[in-house]
file run-v7.txt (compact mmCIF, C-alpha atoms)
# COMPACT_ATOMS: atom_id res chain seq x y z
CA MET M 1 182.98 -26.30 165.09
CA VAL M 2 181.33 -26.91 161.97
CA GLY M 3 178.12 -25.38 162.54
CA ASP M 4 178.55 -22.88 165.16
CA GLN M 5 175.00 -22.43 165.72
CA PRO M 6 174.13 -22.09 169.25
CA VAL M 7 172.22 -25.06 170.48
CA CYS M 8 169.62 -24.29 172.92
CA PRO M 9 169.39 -26.92 175.58
CA SER M 10 165.64 -26.53 175.72
CA GLN M 11 165.16 -27.28 172.06
CA PRO M 12 165.51 -31.06 172.30
CA LEU M 13 163.27 -30.95 175.26
CA LEU M 14 160.70 -29.04 173.25
CA ARG M 15 160.94 -31.47 170.41
CA GLY M 16 160.48 -34.40 172.73
CA ALA M 17 157.48 -32.74 174.35
CA LEU M 18 156.01 -31.95 170.97
CA LEU M 19 156.58 -35.47 169.80
CA LEU M 20 155.09 -36.86 172.98
CA SER M 21 152.00 -34.67 172.68
CA GLN M 22 151.46 -35.78 169.08
CA CYS M 23 151.72 -39.43 170.09
CA LEU M 24 149.40 -38.98 173.00
CA SER M 25 146.86 -37.07 170.92
CA SER M 26 146.86 -39.79 168.28
CA VAL M 27 146.46 -42.45 170.97
CA PHE M 28 143.69 -40.57 172.76
CA SER M 29 141.88 -39.96 169.51
CA GLN M 30 141.65 -43.71 169.05
CA VAL M 31 140.19 -44.29 172.52
CA PRO M 32 136.38 -44.11 172.17
CA ASP M 33 134.19 -41.92 174.29
CA PRO M 34 132.51 -44.00 177.03
CA GLU M 35 129.12 -42.56 176.11
CA LEU M 36 129.55 -43.78 172.56
CA LEU M 37 130.75 -47.24 173.52
CA PRO M 38 128.29 -49.96 172.50
CA THR M 39 126.23 -51.27 175.36
CA ASP M 40 125.01 -54.79 175.87
CA PRO M 41 122.13 -55.68 173.51
CA PRO M 42 118.70 -55.72 175.17
CA LYS M 43 117.75 -59.03 176.67
CA LYS M 44 115.42 -61.08 174.48
CA PRO M 45 112.05 -61.87 176.05
CA ASP M 46 111.40 -65.42 177.08
CA PRO M 47 109.80 -67.49 174.32
CA ILE M 48 106.07 -68.08 174.75
CA THR M 49 105.32 -71.68 175.65
CA SER M 50 102.18 -73.44 176.82
CA GLU M 51 103.34 -72.92 180.39
CA SER M 52 103.77 -69.13 180.01
CA VAL M 53 101.53 -67.09 182.29
CA VAL M 54 99.38 -64.89 180.04
CA PHE M 55 97.09 -62.94 182.38
CA TRP M 56 95.22 -63.34 185.68
CA GLY M 57 97.72 -66.02 186.63
CA LEU M 58 96.39 -68.37 183.93
CA ARG M 59 98.72 -70.28 181.66
CA LEU M 60 98.42 -70.10 177.88
CA TRP M 61 96.86 -73.55 177.52
CA GLN M 62 94.24 -72.71 180.14
CA VAL M 63 93.27 -69.50 178.34
CA ILE M 64 92.98 -71.37 175.03
CA ALA M 65 90.84 -74.11 176.65
CA ILE M 66 88.47 -71.59 178.27
CA PHE M 67 88.11 -69.67 175.01
CA SER M 68 87.47 -72.90 173.05
CA VAL M 69 84.77 -74.05 175.49
CA PHE M 70 83.10 -70.63 175.28
CA VAL M 71 83.08 -70.68 171.45
CA LEU M 72 81.81 -74.26 171.39
CA ALA M 73 78.96 -73.39 173.77
CA ILE M 74 77.92 -70.49 171.52
CA ILE M 75 77.93 -72.70 168.42
CA ILE M 76 75.88 -75.43 170.13
CA THR M 77 73.39 -72.86 171.44
CA LEU M 78 72.94 -71.32 167.99
CA CYS M 79 72.51 -74.73 166.38
CA CYS M 80 69.84 -75.67 168.93
CA ILE M 81 67.98 -72.37 168.49
CA PHE M 82 67.94 -72.51 164.69
CA LYS M 83 67.74 -76.32 164.47
CA CYS M 84 70.80 -76.56 162.25
CA ARG M 85 71.52 -80.17 161.51
CA ILE M 86 73.07 -81.58 158.39
CA PRO M 87 71.38 -84.86 157.44
CA ARG M 88 73.80 -87.70 156.95
CA THR M 89 72.09 -90.01 154.47
CA LYS M 90 69.87 -89.75 151.44
CA LYS M 91 67.15 -91.55 153.39
CA GLU M 92 67.15 -88.86 156.09
CA ILE M 93 67.02 -86.11 153.46
CA GLU M 94 64.00 -87.72 151.78
CA ALA M 95 62.30 -88.27 155.13
CA ARG M 96 62.73 -84.60 156.04
CA ASN M 97 61.33 -83.58 152.65
CA VAL M 98 58.23 -85.79 153.14
CA GLN M 99 57.82 -84.38 156.66
CA ARG M 100 57.94 -80.79 155.35
CA GLN M 101 55.36 -81.55 152.65
CA ALA M 102 53.05 -83.19 155.21
CA ALA M 103 53.39 -80.17 157.49
CA LYS M 104 52.52 -77.80 154.62
CA LYS M 105 49.51 -79.93 153.69
CA TYR M 106 48.34 -79.98 157.32
CA ALA M 107 48.75 -76.21 157.59
CA ASN M 108 46.70 -75.71 154.42
CA THR M 109 44.00 -78.05 155.81
CA LEU M 110 43.85 -76.06 159.03
CA GLU M 111 43.23 -72.88 157.05
CA THR M 112 40.06 -74.41 155.56
CA VAL M 113 38.60 -75.53 158.93
CA PRO M 114 35.92 -73.12 160.20
CA PRO M 115 36.41 -71.44 163.57
CA LEU M 116 35.44 -73.34 166.70
CA ASN M 117 32.48 -71.10 167.55
CA GLU M 118 30.85 -72.09 164.26
CA LEU M 119 31.25 -75.79 165.02
CA THR M 120 29.86 -75.94 168.56
CA GLU M 121 27.36 -74.13 170.70
CA ILE M 122 28.65 -71.61 173.17
CA PRO M 123 27.05 -72.12 176.62
CA GLY M 124 24.63 -69.35 177.54
CA SER M 125 24.07 -68.17 174.00
CA ALA M 126 20.84 -68.47 172.05
CA PRO M 127 20.85 -71.55 169.80
CA ASP M 128 20.83 -70.64 166.13
CA ALA M 129 18.92 -72.76 163.69
CA SER M 130 21.66 -72.18 161.14
CA ALA M 131 24.40 -73.44 163.48
CA VAL M 132 26.12 -76.66 162.57
CA GLN M 133 24.93 -79.68 164.55
CA THR M 134 27.37 -81.59 166.68
CA VAL M 135 27.94 -85.30 166.07
CA SER M 136 25.78 -86.34 169.02
CA GLU M 137 22.91 -84.17 167.77
CA GLN M 138 23.23 -85.71 164.32
CA VAL M 139 23.09 -89.23 165.78
CA GLN M 140 20.03 -88.35 167.88
CA THR M 141 18.14 -86.88 164.93
CA GLN M 142 19.02 -89.86 162.73
CA SER M 143 17.88 -92.37 165.35
CA ALA M 144 14.63 -90.43 165.88
CA THR M 145 13.80 -90.32 162.18
CA SER M 146 14.70 -93.98 161.66
CA SER M 147 12.43 -95.08 164.58
CA GLN M 148 9.58 -92.98 163.17
CA LEU M 149 10.08 -94.54 159.77
CA SER M 150 9.97 -98.06 161.20
CA ILE M 151 6.67 -97.28 163.00
CA VAL M 152 5.22 -95.88 159.82
CA ARG M 153 6.28 -99.00 157.87
CA VAL M 154 4.75 -101.33 160.42
CA SER M 155 1.50 -99.39 160.40
CA GLU M 156 1.38 -99.47 156.59
CA GLU M 157 1.81 -103.24 156.50
CA GLN M 158 -0.91 -103.99 159.11
CA PRO M 159 -3.35 -101.14 159.17
CA GLY M 160 -6.01 -102.65 161.41
CA SER M 161 -4.23 -105.30 163.40
CA LEU M 162 -2.19 -103.25 165.77
CA THR M 163 -1.99 -105.41 168.87
CA LEU M 164 -0.33 -104.76 172.12
CA PRO M 165 1.70 -107.48 173.70
CA GLU M 166 0.05 -109.23 176.60
CA THR M 167 1.58 -108.82 179.95
CA GLY M 168 1.41 -111.42 182.55
call {"tool": "encode", "arguments": {"input": "run-v7.txt", "output": "structure tokens"}}
result
Amino acid sequence: MVGDQPVCPSQPLLRGALLLSQCLSSVFSQVPDPELLPTDPPKKPDPITSESVVFWGLRLWQVIAIFSVFVLAIIITLCCIFKCRIPRTKKEIEARNVQRQAAKKYANTLETVPPLNELTEIPGSAPDASAVQTVSEQVQTQSATSSQLSIVRVSEEQPGSLTLPETG
């Protein structure tokens, strides 16, 4: 025989096994590890709609309505406390300006008015001669002086003929 080399019957078996192991190793190297396999992406949360329950079992539109009413109540309360009102017309603006000026004038007039105890008598106190007379006292003094003047005038015109009217 041409090449009298002894052929070992186990050699082709070894080659086949070697070839098989190389093929299997290349195939197994391509199979991914189950821990490294991609998992399903996380589920997206449900979109928020007006019917979504937000908290305390209330839906989103209910929470917005409650919050809006609360804010509106605060604004109305503050406007009432501070009397915030925007006038609508030029006429209203001018009327408010005239009203403010009249109020300032009235306040200045009140500052010049003397206190009440100087204007009237206090019951139980001693009457002062320097105290200001009330209107009724002024009328009484004027009527008394005018009646005395009329008697004096009559007596000057007819000095001796002062007659009393006859009764009966």
call {"tool": "residues_around", "arguments": {"input": "run-v7.txt", "residues": "Ser50 (chain M)", "least_positions_apart": "3", "cutoff": "9 Å", "atoms": "all atoms listed in the file", "output": "PyMOL selection string"}}
result
chain M and resi 53+59-62
call {"tool": "atom_distance", "arguments": {"input": "run-v7.txt", "atom1": "CA of Arg96 (chain M)", "atom2": "CA of Lys83 (chain M)"}}
result
12.8 Å
call {"tool": "atom_distance", "arguments": {"input": "run-v7.txt", "atom1": "CA of Glu137 (chain M)", "atom2": "CA of Thr112 (chain M)"}}
result
23.2 Å
call {"tool": "atom_distance", "arguments": {"input": "run-v7.txt", "atom1": "CA of Leu58 (chain M)", "atom2": "CA of Phe70 (chain M)"}}
result
16.0 Å
